[in-house]
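target_18.cif follows; it contains mmCIF, C-alpha atoms.
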```cif
data_protein
loop_
_atom_site.group_PDB
_atom_site.id
_atom_site.type_symbol
_atom_site.label_atom_id
_atom_site.label_comp_id
_atom_site.auth_asym_id
_atom_site.auth_seq_id
_atom_site.Cartn_x
_atom_site.Cartn_y
_atom_site.Cartn_z
ATOM 1 C CA MET A 1 93.177 95.753 97.833
ATOM 2 C CA THR A 2 91.143 92.553 97.910
ATOM 3 C CA LEU A 3 93.343 89.522 98.342
ATOM 4 C CA ASN A 4 92.653 86.177 96.712
ATOM 5 C CA THR A 5 91.524 83.922 99.559
ATOM 6 C CA ALA A 6 90.741 81.047 97.162
ATOM 7 C CA SER A 7 94.491 80.681 96.528
ATOM 8 C CA GLY A 8 95.125 79.230 99.995
ATOM 9 C CA LEU A 9 97.425 82.138 100.862
ATOM 10 C CA ASP A 10 95.300 83.007 103.874
ATOM 11 C CA GLY A 11 95.567 79.494 105.325
ATOM 12 C CA GLU A 12 97.615 78.229 108.247
ATOM 13 C CA TYR A 13 101.114 79.724 108.331
ATOM 14 C CA GLN A 14 103.989 77.371 109.033
ATOM 15 C CA PRO A 15 107.162 79.362 109.803
ATOM 16 C CA SER A 16 110.457 78.252 108.317
ATOM 17 C CA PRO A 17 112.491 75.615 110.163
ATOM 18 C CA GLU A 18 115.452 78.010 109.778
ATOM 19 C CA GLN A 19 115.638 80.511 112.656
ATOM 20 C CA ARG A 20 117.287 83.187 110.481
ATOM 21 C CA VAL A 21 114.417 83.040 107.973
ATOM 22 C CA ARG A 22 111.744 83.054 110.732
ATOM 23 C CA ASP A 23 113.346 86.091 112.366
ATOM 24 C CA GLN A 24 113.756 88.008 109.111
ATOM 25 C CA VAL A 25 110.159 87.374 107.991
ATOM 26 C CA ALA A 26 108.771 88.348 111.410
ATOM 27 C CA ALA A 27 110.812 91.566 111.549
ATOM 28 C CA TYR A 28 109.916 92.502 107.963
ATOM 29 C CA GLU A 29 106.183 91.953 108.416
ATOM 30 C CA ALA A 30 106.004 93.618 111.839
ATOM 31 C CA SER A 31 107.765 96.753 110.583
ATOM 32 C CA GLY A 32 106.162 97.078 107.166
ATOM 33 C CA GLY A 33 109.445 96.208 105.507
ATOM 34 C CA VAL A 34 111.624 98.632 107.487
ATOM 35 C CA GLU A 35 113.397 95.935 109.543
ATOM 36 C CA GLY A 36 114.784 92.732 108.013
ATOM 37 C CA ALA A 37 114.596 94.310 104.577
ATOM 38 C CA THR A 38 118.099 93.509 103.329
ATOM 39 C CA LEU A 39 120.551 90.697 102.744
ATOM 40 C CA GLU A 40 124.173 91.784 102.482
ATOM 41 C CA GLY A 41 122.959 95.341 101.990
ATOM 42 C CA ARG A 42 120.607 94.492 99.113
ATOM 43 C CA PRO A 43 116.816 94.746 99.422
ATOM 44 C CA VAL A 44 114.600 91.697 99.820
ATOM 45 C CA VAL A 45 110.872 91.109 99.569
ATOM 46 C CA ILE A 46 108.778 88.500 101.365
ATOM 47 C CA LEU A 47 107.408 85.782 99.100
ATOM 48 C CA THR A 48 104.338 83.985 100.468
ATOM 49 C CA SER A 49 103.384 80.687 98.873
ATOM 50 C CA VAL A 50 101.387 77.548 99.568
ATOM 51 C CA ALA A 51 103.578 74.543 100.332
ATOM 52 C CA ALA A 52 103.582 71.870 97.635
ATOM 53 C CA LYS A 53 103.313 68.989 100.121
ATOM 54 C CA SER A 54 101.589 70.246 103.301
ATOM 55 C CA GLY A 55 99.393 72.938 101.761
ATOM 56 C CA LYS A 56 100.401 75.327 104.566
ATOM 57 C CA VAL A 57 101.417 78.927 103.993
ATOM 58 C CA ARG A 58 105.172 79.470 103.768
ATOM 59 C CA LYS A 59 107.106 82.765 103.713
ATOM 60 C CA ASN A 60 110.614 83.391 102.423
ATOM 61 C CA PRO A 61 112.753 86.469 101.934
ATOM 62 C CA VAL A 62 113.982 86.642 98.327
ATOM 63 C CA MET A 63 116.085 89.239 96.544
ATOM 64 C CA ARG A 64 114.071 92.238 95.356
ATOM 65 C CA ILE A 65 114.422 92.029 91.582
ATOM 66 C CA VAL A 66 111.968 94.110 89.586
ATOM 67 C CA ASP A 67 111.156 94.371 85.906
ATOM 68 C CA GLY A 68 108.416 96.954 85.435
ATOM 69 C CA ASP A 69 105.405 95.706 87.428
ATOM 70 C CA ARG A 70 106.836 92.168 87.610
ATOM 71 C CA TYR A 71 109.154 90.641 90.170
ATOM 72 C CA VAL A 72 111.768 87.991 89.464
ATOM 73 C CA ALA A 73 112.484 85.132 91.885
ATOM 74 C CA VAL A 74 115.721 83.258 91.206
ATOM 75 C CA ALA A 75 115.792 79.793 92.803
ATOM 76 C CA SER A 76 119.557 79.875 93.279
ATOM 77 C CA TYR A 77 119.676 78.612 96.887
ATOM 78 C CA GLY A 78 123.162 80.113 97.073
ATOM 79 C CA GLY A 79 124.371 77.695 94.394
ATOM 80 C CA ALA A 80 123.363 74.561 96.319
ATOM 81 C CA PRO A 81 122.904 71.351 94.309
ATOM 82 C CA LYS A 82 119.122 71.416 94.871
ATOM 83 C CA ASN A 83 116.352 73.962 94.446
ATOM 84 C CA PRO A 84 114.967 75.876 97.434
ATOM 85 C CA SER A 85 111.653 74.490 98.703
ATOM 86 C CA TRP A 86 109.796 77.634 97.679
ATOM 87 C CA TYR A 87 110.453 76.763 94.022
ATOM 88 C CA ALA A 88 108.394 73.529 94.279
ATOM 89 C CA ASN A 89 105.687 75.552 96.029
ATOM 90 C CA LEU A 90 105.447 78.006 93.119
ATOM 91 C CA VAL A 91 105.361 75.198 90.552
ATOM 92 C CA ALA A 92 102.562 73.412 92.453
ATOM 93 C CA HIS A 93 100.657 76.569 93.470
ATOM 94 C CA PRO A 94 101.562 79.525 91.219
ATOM 95 C CA ALA A 95 99.326 82.028 93.056
ATOM 96 C CA VAL A 96 101.668 83.891 95.416
ATOM 97 C CA ARG A 97 101.681 86.986 97.571
ATOM 98 C CA LEU A 98 104.574 89.379 97.726
ATOM 99 C CA GLN A 99 105.352 92.074 100.275
ATOM 100 C CA ASP A 100 107.654 94.838 99.071
ATOM 101 C CA GLY A 101 108.098 97.222 101.980
ATOM 102 C CA ALA A 102 104.604 98.086 103.183
ATOM 103 C CA THR A 103 103.011 97.130 99.841
ATOM 104 C CA VAL A 104 101.410 93.692 99.538
ATOM 105 C CA GLY A 105 100.033 92.223 96.320
ATOM 106 C CA ASP A 106 98.983 88.971 94.707
ATOM 107 C CA PHE A 107 100.939 87.560 91.774
ATOM 108 C CA HIS A 108 101.000 84.612 89.412
ATOM 109 C CA ALA A 109 104.337 82.797 89.136
ATOM 110 C CA ARG A 110 105.574 81.240 85.929
ATOM 111 C CA GLU A 111 108.909 79.685 85.103
ATOM 112 C CA VAL A 112 110.828 81.154 82.188
ATOM 113 C CA SER A 113 113.128 79.387 79.739
ATOM 114 C CA GLY A 114 115.127 79.968 76.571
ATOM 115 C CA GLU A 115 115.694 83.533 75.408
ATOM 116 C CA GLU A 116 113.320 84.885 78.036
ATOM 117 C CA LYS A 117 115.366 83.231 80.770
ATOM 118 C CA LEU A 118 118.593 84.720 79.375
ATOM 119 C CA ARG A 119 116.959 88.148 79.495
ATOM 120 C CA TYR A 120 115.932 87.644 83.122
ATOM 121 C CA TRP A 121 119.413 86.428 84.082
ATOM 122 C CA ALA A 122 120.784 89.723 82.787
ATOM 123 C CA ILE A 123 118.216 91.635 84.844
ATOM 124 C CA ALA A 124 118.769 89.527 87.983
ATOM 125 C CA GLU A 125 122.536 89.961 87.878
ATOM 126 C CA GLN A 126 122.092 93.741 87.979
ATOM 127 C CA PHE A 127 120.366 93.354 91.352
ATOM 128 C CA TRP A 128 122.488 90.598 92.937
ATOM 129 C CA PRO A 129 126.129 90.265 91.859
ATOM 130 C CA HIS A 130 126.521 86.767 93.363
ATOM 131 C CA PHE A 131 124.305 85.021 90.790
ATOM 132 C CA PRO A 132 127.183 84.161 88.383
ATOM 133 C CA GLU A 133 129.047 82.573 91.311
ATOM 134 C CA TYR A 134 125.907 80.650 92.343
ATOM 135 C CA ARG A 135 125.511 79.369 88.785
ATOM 136 C CA ARG A 136 129.080 78.020 88.875
ATOM 137 C CA LYS A 137 128.606 76.465 92.321
ATOM 138 C CA ALA A 138 125.351 74.770 91.255
ATOM 139 C CA ALA A 139 127.559 72.410 89.213
ATOM 140 C CA GLY A 140 125.167 71.553 86.425
ATOM 141 C CA ARG A 141 121.872 72.356 88.157
ATOM 142 C CA ASP A 142 119.877 74.611 85.882
ATOM 143 C CA ILE A 143 118.784 77.313 88.326
ATOM 144 C CA PRO A 144 115.101 78.118 87.751
ATOM 145 C CA ILE A 145 113.857 81.665 87.321
ATOM 146 C CA MET A 146 110.259 82.492 88.158
ATOM 147 C CA VAL A 147 108.574 85.665 86.937
ATOM 148 C CA LEU A 148 105.842 86.979 89.242
ATOM 149 C CA GLU A 149 103.166 88.844 87.323
ATOM 150 C CA PRO A 150 100.591 90.955 89.174
ATOM 151 C CA ILE A 151 97.042 89.669 89.478
ATOM 152 C CA PRO A 152 94.674 92.604 89.058
ATOM 153 C CA ALA A 153 92.463 93.296 92.052
ATOM 154 C CA PRO A 154 88.786 92.451 91.473
ATOM 155 C CA GLN A 155 86.775 95.498 90.429
#
```

Just give me the structure of the file as structure tokens.
Amino acid sequence: MTLNTASGLDGEYQPSPEQRVRDQVAAYEASGGVEGATLEGRPVVILTSVAAKSGKVRKNPVMRIVDGDRYVAVASYGGAPKNPSWYANLVAHPAVRLQDGATVGDFHAREVSGEEKLRYWAIAEQFWPHFPEYRRKAAGRDIPIMVLEPIPAPQ
């Protein structure tokens, strides 16, 4: 597969300031998704984005939520009062890369709203049972949902 180098996703990687995230990403990538592939027993994928402020490559494990050939990234941040930093990255630079096990692909992120968002909440909650709790804990923050749609490889 040819990856989109114009997106900035092949730029300088800046690991997370959180040791747990750095370790999980490193283990996942080094093992082709065999190690570091779960959170509380549920599968994760590695989301690679370009940072909104620095322009450096950032990588985050997110819950593996699939809908056909699309992935769903819920910016719940465990119900914190603010969005995770990767959400701002996807808004600023919607071209992302996703690693699901040993498979890596390029995607375009878009935020959903209205009826479409309600549909994706129902899908997301099938994959991660803590989302209703996170929505309560967010205390008024409208948790964003991003749909990641595959970018076809150049022919």

**Prompt:** So which residues get picked by the PyMOL selection byres ((chain A and resi 126-128) around 9) here, written as a PyMOL selection string?
**Reply:** chain A and resi 42-43+63-66+121-125+129-131

If you count all atoms listed in the file, which residues fall within 12 Å of Gly114 in chain A, apart from same-chain ones fewer than 3 positions away, as a PDB file with C-alpha atoms, in the coordinates of the input?
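Printed below is result_38.pdb as written:
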```pdb
ATOM      1  CA  GLU A 111     108.909  79.685  85.103  1.00  0.00           C
ATOM      2  CA  LYS A 117     115.366  83.231  80.770  1.00  0.00           C
ATOM      3  CA  LEU A 118     118.593  84.720  79.375  1.00  0.00           C
ATOM      4  CA  ARG A 119     116.959  88.148  79.495  1.00  0.00           C
ATOM      5  CA  TYR A 120     115.932  87.644  83.122  1.00  0.00           C
ATOM      6  CA  TRP A 121     119.413  86.428  84.082  1.00  0.00           C
ATOM      7  CA  ASP A 142     119.877  74.611  85.882  1.00  0.00           C
ATOM      8  CA  PRO A 144     115.101  78.118  87.751  1.00  0.00           C
ATOM      9  CA  ILE A 145     113.857  81.665  87.321  1.00  0.00           C
TER      10      ILE A 145
END
```

**Prompt:** Rounded to one decimal in Å, what is the spacing between CA of Ser54 in chain A and CA of Ala109 in chain A?
**Reply:**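 We find that CA of Ser54 in chain A and CA of Ala109 in chain A lie 19.1 Å from each other.
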
**Request:** Using only C-alpha atoms, determine which residues lie at most 9 Å from range 30-37 of chain A, disregarding the query and same-chain residues fewer than 6 positions distant; provide the list as a list in words.
**Result:** Asp23, Gln24, Pro43, Val44, Val45, Ile46, Pro61, Gln99, Asp100, Gly101, Ala102 and Thr103 of chain A

Only C-alpha atoms, please: the residues just picked out, written as a PDB file, keeping the file's coordinate frame.
```
ATOM      1  CA  ASP A  23     113.346  86.091 112.366  1.00  0.00           C
ATOM      2  CA  GLN A  24     113.756  88.008 109.111  1.00  0.00           C
ATOM      3  CA  PRO A  43     116.816  94.746  99.422  1.00  0.00           C
ATOM      4  CA  VAL A  44     114.600  91.697  99.820  1.00  0.00           C
ATOM      5  CA  VAL A  45     110.872  91.109  99.569  1.00  0.00           C
ATOM      6  CA  ILE A  46     108.778  88.500 101.365  1.00  0.00           C
ATOM      7  CA  PRO A  61     112.753  86.469 101.934  1.00  0.00           C
ATOM      8  CA  GLN A  99     105.352  92.074 100.275  1.00  0.00           C
ATOM      9  CA  ASP A 100     107.654  94.838  99.071  1.00  0.00           C
ATOM     10  CA  GLY A 101     108.098  97.222 101.980  1.00  0.00           C
ATOM     11  CA  ALA A 102     104.604  98.086 103.183  1.00  0.00           C
ATOM     12  CA  THR A 103     103.011  97.130  99.841  1.00  0.00           C
TER      13      THR A 103
END
```

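Take the PyMOL selection byres ((chain A and resi 90) around 8) and apply it to this file: it picks A:Ser49, A:Val50, A:Ala52, A:Trp86, A:Tyr87, A:Ala88, A:Asn89, A:Val91, A:Ala92, A:His93, A:Pro94, A:Ala95, A:Val96, A:Ala109, A:Arg110.
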
**Prompt:** How many Å separate CA of Gln19 in chain A from CA of Pro84 in chain A?
**Reply:**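 Going from CA of Gln19 in chain A over to CA of Pro84 in chain A covers 15.9 Å.
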
**Asked** Contacts of Val57 in chain A at 7 Å or less, counting all atoms listed in the file, minus same-chain residues fewer than 3 places along, as a PyMOL selection string?
**Response** chain A and resi 9+11-14+48-51

Around all listed atoms of range 14-19 of chain A, padded 3 Å per side, what centre and edge lengths does the axis-aligned box have in Å to one decimal, as JSON?
```
{"center_x": 109.8, "center_y": 78.1, "center_z": 110.5, "size_x": 17.6, "size_y": 10.9, "size_z": 10.3}
```

N, CA and C atoms modelled onto range 39-53 of chain A, as a PDB file, in the coordinates of the input:
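Heads up, here's the output in out19.pdb:
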```pdb
ATOM      1  N   LEU A  39     119.616  91.809 102.626  1.00  0.00           N
ATOM      2  CA  LEU A  39     120.551  90.697 102.744  1.00  0.00           C
ATOM      3  C   LEU A  39     121.841  91.198 102.127  1.00  0.00           C
ATOM      4  N   GLU A  40     122.889  91.233 102.925  1.00  0.00           N
ATOM      5  CA  GLU A  40     124.173  91.784 102.482  1.00  0.00           C
ATOM      6  C   GLU A  40     124.017  93.159 101.851  1.00  0.00           C
ATOM      7  N   GLY A  41     123.154  93.973 102.446  1.00  0.00           N
ATOM      8  CA  GLY A  41     122.959  95.341 101.990  1.00  0.00           C
ATOM      9  C   GLY A  41     122.050  95.505 100.790  1.00  0.00           C
ATOM     10  N   ARG A  42     121.513  94.428 100.265  1.00  0.00           N
ATOM     11  CA  ARG A  42     120.607  94.492  99.113  1.00  0.00           C
ATOM     12  C   ARG A  42     119.185  94.221  99.574  1.00  0.00           C
ATOM     13  N   PRO A  43     118.198  94.895  98.970  1.00  0.00           N
ATOM     14  CA  PRO A  43     116.816  94.746  99.422  1.00  0.00           C
ATOM     15  C   PRO A  43     116.212  93.377  99.097  1.00  0.00           C
ATOM     16  N   VAL A  44     115.364  92.931 100.005  1.00  0.00           N
ATOM     17  CA  VAL A  44     114.600  91.697  99.820  1.00  0.00           C
ATOM     18  C   VAL A  44     113.118  92.017  99.912  1.00  0.00           C
ATOM     19  N   VAL A  45     112.323  91.083  99.426  1.00  0.00           N
ATOM     20  CA  VAL A  45     110.872  91.109  99.569  1.00  0.00           C
ATOM     21  C   VAL A  45     110.478  89.799 100.246  1.00  0.00           C
ATOM     22  N   ILE A  46     109.264  89.745 100.754  1.00  0.00           N
ATOM     23  CA  ILE A  46     108.778  88.500 101.365  1.00  0.00           C
ATOM     24  C   ILE A  46     107.835  87.821 100.383  1.00  0.00           C
ATOM     25  N   LEU A  47     108.185  86.598 100.025  1.00  0.00           N
ATOM     26  CA  LEU A  47     107.408  85.782  99.100  1.00  0.00           C
ATOM     27  C   LEU A  47     106.577  84.799  99.909  1.00  0.00           C
ATOM     28  N   THR A  48     105.263  84.892  99.768  1.00  0.00           N
ATOM     29  CA  THR A  48     104.338  83.985 100.468  1.00  0.00           C
ATOM     30  C   THR A  48     103.771  83.016  99.449  1.00  0.00           C
ATOM     31  N   SER A  49     103.870  81.725  99.779  1.00  0.00           N
ATOM     32  CA  SER A  49     103.384  80.687  98.873  1.00  0.00           C
ATOM     33  C   SER A  49     102.665  79.612  99.676  1.00  0.00           C
ATOM     34  N   VAL A  50     102.034  78.706  98.956  1.00  0.00           N
ATOM     35  CA  VAL A  50     101.387  77.548  99.568  1.00  0.00           C
ATOM     36  C   VAL A  50     102.311  76.357  99.340  1.00  0.00           C
ATOM     37  N   ALA A  51     102.644  75.657 100.419  1.00  0.00           N
ATOM     38  CA  ALA A  51     103.578  74.543 100.332  1.00  0.00           C
ATOM     39  C   ALA A  51     103.051  73.433  99.427  1.00  0.00           C
ATOM     40  N   ALA A  52     103.945  72.908  98.601  1.00  0.00           N
ATOM     41  CA  ALA A  52     103.582  71.870  97.635  1.00  0.00           C
ATOM     42  C   ALA A  52     103.088  70.601  98.323  1.00  0.00           C
ATOM     43  N   LYS A  53     103.676  70.241  99.454  1.00  0.00           N
ATOM     44  CA  LYS A  53     103.313  68.989 100.121  1.00  0.00           C
ATOM     45  C   LYS A  53     102.256  69.178 101.212  1.00  0.00           C
TER      46      LYS A  53
END
```
